[in-house]
Amino acid sequence: MPHRVVVLALDGLLPFELGIPQRIFGRTLRADPGGGGGKLYDVVTCSVRPPGPVRTDADFSVLVEHGPEALATADTVVVPASYELGPVFEEGRLTDELAAALALVRPGTRMVSICTGSYVLAAAGYLDGRPATTHWSSADHFQRTFPQVRVDPDVLFIDDGDVLTSAGVAAGIDLCLHLVRRDHGTAVANEIARRTVVPPHRDGGQAQYIHRPVPELQFATTTAARAWALARLDRPILLRDMAEQEAMSVRTFTRRFREEVGISPGQWLTQQRVERARHLLESTDLSIDQVARDAGFGTPTSLRQHLQAALGVPPTVYRRTFRSTAGTLS
């Protein structure tokens, strides 16, 4: 059976963020060389009230066809942002209506928030004593309202196992793709990212916003250097080598790279090599030594250190855990 994702639509919701789970989970298909892969997720949208219209922050409402009882069927609950949270936002407490709806959620259900949907999870107690994030503009208020939550305002999303929170808007796409990758591996996640025309992976620890996200038109970009590096991850790559691809000095290249990507070239290279290693561990029977070489880490020790830092597990455990669970989530 497909994994059931139930999206909780609250009055004042943001239509874009409401649509993210359906666009990512609803279009994710089982890998099948014959092209007949079925859906891996079943996405349902519900309200805290009986079926009917739910207000948005735009000049239209959406007709939601499921009431709160759908929450009792969820394997994962997603709470998108809303601008009409009332006492949840102002006092950190659930309304009776919202509390009754969330009481239907089964123990062990995975809970996910997009942007200020984190207020709902915090008010319900899901985030007590746990790390969480929200939109950077609400982070200070969120921390004051919920002092028991360990708020990190500088990241795109936080995966704390059965509870995950994301920053605003596009970070919700990053988090949903992360969940697909966690559930079914990089190949499936990369395919839905390609279909959605978004980057397949932005690390959760990446900064929420870049002060100059779009280079001035007369500036050369670092796109060619990144493509060049991706084609040779298995070989040593020096910063000056990447700078030479763009005919820039190392100093100028490093500055431009940060402006465009949000992290340093070294951090980006490590992220790409971790992703390469994950893909090889998931999809091949290569030895750990060979995975380390092909991903550009050189030695099993280096691979182990980087994978442990990024994912919290060594390569052998990652491979064993992934292969024992991938494709069996229900």
# chains A, B, ... in the order shown; residues from 1 in each chain; ligands from 1
$ closest_atom_pairs --of "segment 102-198 of chain A" --to "segment 14-20 of chain A" --cutoff "9 Å" --atoms "only C-alpha atoms" --output "CSV"
residue,atom,partner,partner_atom,distance
A:Ile114,CA,A:Glu17,CA,7.2
A:Cys115,CA,A:Glu17,CA,8.4
A:Gly168,CA,A:Glu17,CA,8.6
A:Val169,CA,A:Glu17,CA,6.1
A:Ala170,CA,A:Glu17,CA,8.2
A:Gly172,CA,A:Ile20,CA,7.0
A:Ile173,CA,A:Ile20,CA,6.2
A:Cys176,CA,A:Ile20,CA,7.9
$ residues_around --residues "Asp96 of chain A" --least-positions-apart "6" --cutoff "12 Å" --atoms "only C-alpha atoms" --output "PyMOL selection string"
chain A and resi 48-49+86-88+102-103+123-124
$ closest_residue --among "A:Leu230, A:Leu71, A:Val155, A:Leu121" --to "Glu275 of chain A" --atoms "only C-alpha atoms"
A:Leu230
$ residues_around --residues "segment 131-148 of chain A" --least-positions-apart "6" --cutoff "9 Å" --atoms "only C-alpha atoms" --output "ChimeraX atom specification"
/A:89-92,113-119,122-123,154-160,163-169,208-209
$ atom_distance --atom1 "atom CA of Gly298 of chain A" --atom2 "atom CA of Arg276 of chain A"
13.0 Å
$ select_by_dssp --residues "segment 76-236 of chain A" --states "helix (DSSP H, G or I)" --output "NGL selection string"
:A and (87-90 or 96-102 or 115-123 or 136-145 or 170-184 or 186-196 or 223-230)
$ write_last_selection --atoms "C-alpha atoms" --output "PDB file, in the first residue's frame"
ATOM      1  CA  PRO A  87      -4.211  31.650  19.633  1.00  0.00           C
ATOM      2  CA  VAL A  88      -1.698  29.180  18.216  1.00  0.00           C
ATOM      3  CA  PHE A  89       0.433  32.101  17.037  1.00  0.00           C
ATOM      4  CA  GLU A  90      -0.505  34.617  19.712  1.00  0.00           C
ATOM      5  CA  ASP A  96     -10.390  23.243  20.741  1.00  0.00           C
ATOM      6  CA  GLU A  97     -11.159  22.435  17.100  1.00  0.00           C
ATOM      7  CA  LEU A  98      -7.509  21.941  16.179  1.00  0.00           C
ATOM      8  CA  ALA A  99      -6.751  19.990  19.357  1.00  0.00           C
ATOM      9  CA  ALA A 100      -9.636  17.615  18.637  1.00  0.00           C
ATOM     10  CA  ALA A 101      -8.391  17.082  15.089  1.00  0.00           C
ATOM     11  CA  LEU A 102      -4.793  16.382  16.121  1.00  0.00           C
ATOM     12  CA  CYS A 115       7.156  27.341   7.333  1.00  0.00           C
ATOM     13  CA  THR A 116       4.978  28.599  10.224  1.00  0.00           C
ATOM     14  CA  GLY A 117       3.108  25.310  10.318  1.00  0.00           C
ATOM     15  CA  SER A 118       5.742  24.658  12.994  1.00  0.00           C
ATOM     16  CA  TYR A 119       3.601  26.713  15.390  1.00  0.00           C
ATOM     17  CA  VAL A 120       0.945  24.017  15.230  1.00  0.00           C
ATOM     18  CA  LEU A 121       3.412  21.223  15.982  1.00  0.00           C
ATOM     19  CA  ALA A 122       4.920  23.216  18.849  1.00  0.00           C
ATOM     20  CA  ALA A 123       1.552  24.090  20.378  1.00  0.00           C
ATOM     21  CA  TRP A 136      13.520  33.210   9.592  1.00  0.00           C
ATOM     22  CA  SER A 137      11.247  36.243  10.024  1.00  0.00           C
ATOM     23  CA  SER A 138       9.207  34.409  12.681  1.00  0.00           C
ATOM     24  CA  ALA A 139      12.098  32.661  14.457  1.00  0.00           C
ATOM     25  CA  ASP A 140      12.456  35.125  17.350  1.00  0.00           C
ATOM     26  CA  HIS A 141       8.716  35.181  18.032  1.00  0.00           C
ATOM     27  CA  PHE A 142       8.571  31.404  17.733  1.00  0.00           C
ATOM     28  CA  GLN A 143      11.348  31.011  20.316  1.00  0.00           C
ATOM     29  CA  ARG A 144       9.668  33.425  22.739  1.00  0.00           C
ATOM     30  CA  THR A 145       6.342  31.654  22.334  1.00  0.00           C
ATOM     31  CA  ALA A 170      10.779  26.721  -1.212  1.00  0.00           C
ATOM     32  CA  ALA A 171      12.349  25.068   1.835  1.00  0.00           C
ATOM     33  CA  GLY A 172       9.167  22.993   1.988  1.00  0.00           C
ATOM     34  CA  ILE A 173      10.115  21.531  -1.395  1.00  0.00           C
ATOM     35  CA  ASP A 174      13.586  20.735  -0.052  1.00  0.00           C
ATOM     36  CA  LEU A 175      12.115  18.973   2.964  1.00  0.00           C
ATOM     37  CA  CYS A 176       9.642  16.911   0.933  1.00  0.00           C
ATOM     38  CA  LEU A 177      12.408  15.845  -1.473  1.00  0.00           C
ATOM     39  CA  HIS A 178      14.552  14.959   1.548  1.00  0.00           C
ATOM     40  CA  LEU A 179      11.770  12.693   2.809  1.00  0.00           C
ATOM     41  CA  VAL A 180      11.458  10.981  -0.576  1.00  0.00           C
ATOM     42  CA  ARG A 181      15.233  10.473  -0.569  1.00  0.00           C
ATOM     43  CA  ARG A 182      15.104   9.138   2.991  1.00  0.00           C
ATOM     44  CA  ASP A 183      12.218   6.809   2.196  1.00  0.00           C
ATOM     45  CA  HIS A 184      13.196   5.561  -1.251  1.00  0.00           C
ATOM     46  CA  THR A 186      18.448   9.253  -4.277  1.00  0.00           C
ATOM     47  CA  ALA A 187      17.397   7.841  -7.659  1.00  0.00           C
ATOM     48  CA  VAL A 188      13.680   8.207  -6.910  1.00  0.00           C
ATOM     49  CA  ALA A 189      14.173  11.651  -5.320  1.00  0.00           C
ATOM     50  CA  ASN A 190      16.288  12.880  -8.218  1.00  0.00           C
ATOM     51  CA  GLU A 191      13.652  11.783 -10.720  1.00  0.00           C
ATOM     52  CA  ILE A 192      10.814  13.668  -9.013  1.00  0.00           C
ATOM     53  CA  ALA A 193      13.109  16.704  -8.650  1.00  0.00           C
ATOM     54  CA  ARG A 194      13.824  16.542 -12.385  1.00  0.00           C
ATOM     55  CA  ARG A 195      10.119  16.345 -13.157  1.00  0.00           C
ATOM     56  CA  THR A 196       9.479  19.301 -10.853  1.00  0.00           C
ATOM     57  CA  THR A 223      27.865  27.290 -13.300  1.00  0.00           C
ATOM     58  CA  ALA A 224      30.583  25.954 -15.596  1.00  0.00           C
ATOM     59  CA  ALA A 225      32.922  25.320 -12.684  1.00  0.00           C
ATOM     60  CA  ARG A 226      30.271  23.351 -10.839  1.00  0.00           C
ATOM     61  CA  ALA A 227      29.506  21.236 -13.901  1.00  0.00           C
ATOM     62  CA  TRP A 228      33.234  20.630 -14.390  1.00  0.00           C
ATOM     63  CA  ALA A 229      33.628  19.544 -10.758  1.00  0.00           C
ATOM     64  CA  LEU A 230      30.615  17.219 -10.849  1.00  0.00           C
TER      65      LEU A 230
END
$ closest_residue --among "A:Arg130, A:Arg293, A:Arg106, A:Arg235" --to "Ala70 of chain A" --atoms "only C-alpha atoms"
A:Arg106
$ closest_residue --among "A:Asp152, A:Val6, A:Gly185, A:Met111" --to "Arg30 of chain A" --atoms "only C-alpha atoms"
A:Gly185
$ closest_residue --among "A:Gln245, A:Thr321, A:Thr316, A:Ser264" --to "Ala277 of chain A" --atoms "only C-alpha atoms"
A:Thr316
$ atom_distance --atom1 "atom CA of Ala309 of chain A" --atom2 "atom CA of Ala295 of chain A"
15.7 Å
$ closest_atom_pairs --of "segment 66-127 of chain A" --to "segment 54-59 of chain A" --cutoff "9 Å" --atoms "only C-alpha atoms" --output "CSV"
residue,atom,partner,partner_atom,distance
A:Ser82,CA,A:Asp57,CA,7.9
A:Tyr83,CA,A:Asp57,CA,6.9
A:Glu84,CA,A:Asp57,CA,8.6
$ write_last_selection --atoms "N, CA, C and O atoms" --output "JSON list (two decimals), in the first residue's frame"
[["chain", "number", "residue", "atom", "x", "y", "z"],
["A", 82, "SER", "N", -0.03, 28.95, 7.72],
["A", 82, "SER", "CA", -1.31, 29.65, 7.69],
["A", 82, "SER", "C", -1.11, 31.03, 8.33],
["A", 82, "SER", "O", -0.32, 31.18, 9.27],
["A", 83, "TYR", "N", -1.83, 32.02, 7.83],
["A", 83, "TYR", "CA", -1.77, 33.36, 8.40],
["A", 83, "TYR", "C", -2.94, 33.61, 9.36],
["A", 83, "TYR", "O", -3.12, 34.74, 9.81],
["A", 84, "GLU", "N", -3.70, 32.59, 9.68],
["A", 84, "GLU", "CA", -4.83, 32.76, 10.60],
["A", 84, "GLU", "C", -4.77, 31.72, 11.72],
["A", 84, "GLU", "O", -5.73, 30.99, 11.98]]
